[in-house]
Each structure stands twice: as structure tokens, then as C-alpha cells.
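A.B. asks: My questions all concern the structure below.
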Amino acid sequence: MAKAIVIYYSRSGNTKEMAEIIAKAMNESDLPTECKSVDKVKAEDLLSYDAIVVGSPTYYGHMAGPLKQLFDDTVTYHGKLDGKVGAAFSSAANIGGGNETTIMGIIEAMLIAGLIVQGDPKGDHYGPVSIGKPDQRVERQCVRRGQRIAELTKKLF
Ligand SMILES: Cc1cc2nc3c(=O)[nH]c(=O)nc-3n(C[C@H](O)[C@H](O)[C@H](O)COP(=O)(O)O)c2cc1C
């Protein structure tokens with residue numbers, strides 16, 4: 001059976017909240033999904049999941065350092081994540097604060113690793129974005145994204 005992981009970095013809880021909503025929606029869509037802070041995840045752990053979802057606060061328009069380090073550590077397994085499903089999300093302080101460039105940075109790393117990333121024509125296109133603490137709009141986007149990741153992953157695996 002397919003399984004998935006949502007990995008996040010979060011200092012003040014906003015990204016963690018998004019991660020938990022996404023993971024819950026994935027589990028409720030019948031894709032067994034773990035939700036872990038990046039400090040509890042090693043690069044080799046990623047090999048055992050069919051879908052990998054990564055969430056970061058926006059730090060100067062990029063992902064937080066510990067998440068970049070995790071991607072860098074996967075170089076040992078380069079090519080072995082090929083064909084898995086990937087997705088990303090981000091929390092920032094301000095509209096125009098770099099949410100989407102952060103998501104695109106994560107997606108770029110995922111594409112280099114060979115992950116399959118699905119956009120969304122009707123929801124947040126690149127991945128859910130939040131300004132500060134997730135509000136009801138963000139919650140809906142996270143649920144929608146979780147459901148879509150689960151659907152795609154179950155189709156492929
Ligand atoms: C080092 C640092 C850099 C940040 N850079 C940005 C930024 O470029 N744009 C922005 O809108 N917010 C920026 N923020 C704010 C965080 O992205 C925002 O508070 C986010 O919601 C924090 O997520 P968390 O609660 O999961 O830690 C920055 C915060 C820190 C600590």
C-alpha cells in the first residue's frame with residue numbers, strides 16, 4: 001500500500017499547522033501519511049515513501065536552512081526518489097513576501113530529484129500559502145491539496 005510523509009520546519013507554529021491539516025486530509029483520503037518535523041527525518045527515510053510533501057516558512061524568499069540541508073543530504077541517494085509524488089507549501093508574514101518563490105524553490109529541488117509535482121488550476125496553483133496563522137481560506141487550500149496529493153499517489157502506486 002502507498003504511504004506518504006509531510007515534512008515541515010516551523011518556529012512559531014504556522015507551517016506546522018498547515019502540515020497537520022494537509023496530513024489529516026491525506027489520511028482521510030486513505031493514503032497513510034506521517035507528519036514530522038524536519039529534525040526527525042533523515043535523507044534515507046525518504047526512500048520508503050511514495051509521496052513527499054515539504055512545508056517551510058518563507059525565509060528571505062527561500063526554504064528554511066534545515067529543509068535545504070535535508071535536500072542536500074539526499075545526494076547520497078540521487079536517482080532513488082525518481083517517480084515519487086512531491087508537493088510543497090509555505091507560510092510567510094506578508095503578501096508579496098516570497099511565499100511562492102519559496103514553494104518554487106522546494107519544487108525545483110523535487111524536480112531535480114525526479115519527483116512528480118501536480119499544479120492546481122482552481123486552488124493555490126503552486127501549493128498552499130498562508131500569511132501568518134492559517135485562516136479558513138488556508139485551511140480549505142490545505143485540505144484540497146491533501147486530497148489531490150492522495151488521489152494522485154493512489155493512482156500511481
Ligand atoms: C529568518 C526569517 C526570515 C523571514 N523572511 C521572510 C520573508 O522574506 N518574507 C516574509 O513574508 N516573511 C518572512 N519571515 C516571516 C515568516 O516567514 C513567517 O512568520 C512564518 O509564518 C513563520 O512560520 P512558522 O510559524 O512556521 O515558523 C521571516 C522570518 C524569519 C525568522
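Chain labels follow the order of the C-alpha cells: the first chain is A, the next B, and so on; residue numbering restarts at 1 in every chain, and ligands are counted from 1 in their shown order.
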Just the residues within 12 Å of Thr76 (chain A), please, counting only C-alpha atoms, with nothing from its chain fewer than 5 positions along; format it as a list in words.
C.D. replies: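 Contacts, in chain order: Lys42, Ala43, Glu44, Leu46, Leu47, Leu70, Phe71, Leu81 and Ala113 of chain A.
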A.B. asks: Within 6 Å of ligand 1, counting only C-alpha atoms and all ligand atoms: which residues, as a VMD selection string?
C.D. replies: chain A and resid 10 to 16 57 to 61 91 to 94 97 to 98 132
A.B. asks: Please, could you write that set of residues out with N, CA and C atoms as a CSV table (one decimal), in the first residue's frame?
C.D. replies:
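Here's the written file result.csv:
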```csv
chain,number,residue,atom,x,y,z
A,10,SER,N,9.2,24.6,11.4
A,10,SER,CA,8.3,25.7,11.9
A,10,SER,C,8.9,26.2,13.2
A,11,ARG,N,9.0,27.5,13.4
A,11,ARG,CA,9.5,28.0,14.7
A,11,ARG,C,8.3,28.5,15.5
A,12,SER,N,7.3,29.2,14.8
A,12,SER,CA,6.2,29.8,15.6
A,12,SER,C,4.9,29.1,15.3
A,13,GLY,N,4.9,27.9,14.6
A,13,GLY,CA,3.7,27.1,14.5
A,13,GLY,C,2.9,27.2,13.3
A,14,ASN,N,3.0,28.2,12.5
A,14,ASN,CA,2.2,28.4,11.3
A,14,ASN,C,2.3,27.3,10.3
A,15,THR,N,3.5,27.0,9.9
A,15,THR,CA,3.8,26.0,8.9
A,15,THR,C,3.4,24.6,9.5
A,16,LYS,N,3.7,24.4,10.8
A,16,LYS,CA,3.3,23.1,11.4
A,16,LYS,C,1.8,22.9,11.3
A,57,PRO,N,8.5,27.8,6.3
A,57,PRO,CA,8.2,29.2,6.4
A,57,PRO,C,9.0,29.9,5.3
A,58,THR,N,8.6,31.0,4.8
A,58,THR,CA,9.4,31.8,3.9
A,58,THR,C,10.5,32.6,4.6
A,59,TYR,N,11.7,32.2,4.3
A,59,TYR,CA,12.8,32.9,4.9
A,59,TYR,C,13.6,33.6,3.7
A,60,TYR,N,13.5,34.9,3.6
A,60,TYR,CA,14.1,35.7,2.6
A,60,TYR,C,13.8,35.1,1.2
A,61,GLY,N,12.5,34.6,1.0
A,61,GLY,CA,12.1,34.1,-0.3
A,61,GLY,C,12.5,32.7,-0.6
A,91,SER,N,4.4,29.3,4.6
A,91,SER,CA,3.8,30.3,5.3
A,91,SER,C,4.8,31.5,5.3
A,92,ALA,N,4.3,32.7,5.1
A,92,ALA,CA,5.1,33.9,5.2
A,92,ALA,C,4.4,35.0,6.1
A,93,ALA,N,5.1,36.1,6.3
A,93,ALA,CA,4.5,37.1,7.1
A,93,ALA,C,3.6,38.1,6.3
A,94,ASN,N,4.0,38.3,5.0
A,94,ASN,CA,3.4,39.3,4.2
A,94,ASN,C,3.0,38.9,2.8
A,97,GLY,N,5.5,38.5,0.2
A,97,GLY,CA,6.7,38.3,1.0
A,97,GLY,C,7.6,37.2,0.5
A,98,GLY,N,7.2,36.5,-0.6
A,98,GLY,CA,8.1,35.5,-1.1
A,98,GLY,C,7.6,34.0,-1.0
A,132,GLY,N,0.9,34.4,7.8
A,132,GLY,CA,0.8,34.2,9.3
A,132,GLY,C,0.0,33.0,9.6
```
A.B. asks: May I have the residues within 12 Å of Glu139 (chain A) as an MDAnalysis selection string, using only C-alpha atoms and disregarding those fewer than 6 positions away in the same chain?
C.D. replies: chainID A and resid 14:15 17:25 123:124 128:131 133 145:146
A.B. asks: Looking at A:Thr74, A:Ser29, A:His62, A:Val41, which one is nearest to Asn99 (chain A), with distances taken over only C-alpha atoms?
C.D. replies: A:His62
A.B. asks: Can you pull out every residue within 10 Å of Gly83 (chain A), counting only C-alpha atoms, but drop anything in the same chain fewer than 4 positions away, and send it as a ChimeraX atom specification?
C.D. replies: /A:50-51,79,111,113-117,156
A.B. asks: Would you put the residues from that selection into a file with all heavy atoms, as an mmCIF file, in the first residue's frame?
C.D. replies:
```
data_model
loop_
_atom_site.group_PDB
_atom_site.id
_atom_site.type_symbol
_atom_site.label_atom_id
_atom_site.label_comp_id
_atom_site.auth_asym_id
_atom_site.auth_seq_id
_atom_site.Cartn_x
_atom_site.Cartn_y
_atom_site.Cartn_z
ATOM 1 N N ASP A 50 6.037 6.984 -0.879
ATOM 2 C CA ASP A 50 5.652 7.174 -2.282
ATOM 3 C C ASP A 50 5.332 8.644 -2.576
ATOM 4 O O ASP A 50 5.400 9.070 -3.726
ATOM 5 C CB ASP A 50 4.429 6.304 -2.602
ATOM 6 C CG ASP A 50 4.732 4.845 -2.325
ATOM 7 O OD1 ASP A 50 5.667 4.312 -2.944
ATOM 8 O OD2 ASP A 50 4.066 4.242 -1.459
ATOM 9 N N ALA A 51 4.955 9.393 -1.538
ATOM 10 C CA ALA A 51 4.699 10.833 -1.703
ATOM 11 C C ALA A 51 5.432 11.600 -0.604
ATOM 12 O O ALA A 51 5.400 11.197 0.566
ATOM 13 C CB ALA A 51 3.210 11.127 -1.643
ATOM 14 N N GLY A 79 18.714 9.888 -7.581
ATOM 15 C CA GLY A 79 18.103 8.991 -8.564
ATOM 16 C C GLY A 79 17.115 8.026 -7.929
ATOM 17 O O GLY A 79 16.226 7.506 -8.595
ATOM 18 N N LEU A 111 12.006 18.445 -8.453
ATOM 19 C CA LEU A 111 12.108 18.063 -9.873
ATOM 20 C C LEU A 111 13.486 17.494 -10.185
ATOM 21 O O LEU A 111 13.616 16.523 -10.941
ATOM 22 C CB LEU A 111 11.812 19.265 -10.774
ATOM 23 C CG LEU A 111 10.367 19.794 -10.748
ATOM 24 C CD1 LEU A 111 10.238 21.043 -11.607
ATOM 25 C CD2 LEU A 111 9.366 18.734 -11.191
ATOM 26 N N ALA A 113 15.273 15.855 -8.199
ATOM 27 C CA ALA A 113 15.298 14.508 -7.629
ATOM 28 C C ALA A 113 14.387 13.542 -8.403
ATOM 29 O O ALA A 113 14.374 12.346 -8.116
ATOM 30 C CB ALA A 113 14.880 14.561 -6.163
ATOM 31 N N GLY A 114 13.600 14.076 -9.361
ATOM 32 C CA GLY A 114 12.740 13.210 -10.180
ATOM 33 C C GLY A 114 11.318 13.081 -9.686
ATOM 34 O O GLY A 114 10.557 12.238 -10.175
ATOM 35 N N LEU A 115 10.929 13.910 -8.719
ATOM 36 C CA LEU A 115 9.563 13.803 -8.195
ATOM 37 C C LEU A 115 8.538 14.349 -9.190
ATOM 38 O O LEU A 115 8.861 15.212 -10.025
ATOM 39 C CB LEU A 115 9.449 14.540 -6.853
ATOM 40 C CG LEU A 115 9.832 13.705 -5.618
ATOM 41 C CD1 LEU A 115 11.303 13.403 -5.595
ATOM 42 C CD2 LEU A 115 9.438 14.423 -4.333
ATOM 43 N N ILE A 116 7.321 13.850 -9.064
ATOM 44 C CA ILE A 116 6.206 14.297 -9.912
ATOM 45 C C ILE A 116 5.387 15.309 -9.109
ATOM 46 O O ILE A 116 4.890 14.985 -8.029
ATOM 47 C CB ILE A 116 5.320 13.093 -10.294
ATOM 48 C CG1 ILE A 116 6.130 12.071 -11.089
ATOM 49 C CG2 ILE A 116 4.085 13.548 -11.057
ATOM 50 C CD1 ILE A 116 5.486 10.694 -11.142
ATOM 51 N N VAL A 117 5.260 16.535 -9.631
ATOM 52 C CA VAL A 117 4.562 17.603 -8.904
ATOM 53 C C VAL A 117 3.349 18.049 -9.715
ATOM 54 O O VAL A 117 3.492 18.428 -10.881
ATOM 55 C CB VAL A 117 5.501 18.799 -8.652
ATOM 56 C CG1 VAL A 117 4.780 19.890 -7.884
ATOM 57 C CG2 VAL A 117 6.755 18.359 -7.897
ATOM 58 N N LEU A 156 -0.989 6.353 -8.900
ATOM 59 C CA LEU A 156 0.327 5.943 -9.391
ATOM 60 C C LEU A 156 0.895 4.723 -8.687
ATOM 61 O O LEU A 156 1.721 4.008 -9.239
ATOM 62 C CB LEU A 156 1.319 7.098 -9.264
ATOM 63 C CG LEU A 156 1.049 8.325 -10.159
ATOM 64 C CD1 LEU A 156 2.004 9.443 -9.832
ATOM 65 C CD2 LEU A 156 1.165 7.952 -11.626
#
```
A.B. asks: To test your reading of the structure, identify every residue in chain A that backbone DSSP assigns to alpha helix (DSSP H), and report it as JSON, numbers by chain.
C.D. replies: {"A": [14, 15, 16, 17, 18, 19, 20, 21, 22, 23, 24, 25, 26, 27, 28, 65, 66, 67, 68, 69, 70, 71, 72, 73, 99, 100, 101, 102, 103, 104, 105, 106, 107, 108, 109, 110, 111, 112, 113, 136, 137, 138, 139, 140, 141, 142, 143, 144, 145, 146, 147, 148, 149, 150, 151, 152, 153, 154, 155, 156]}
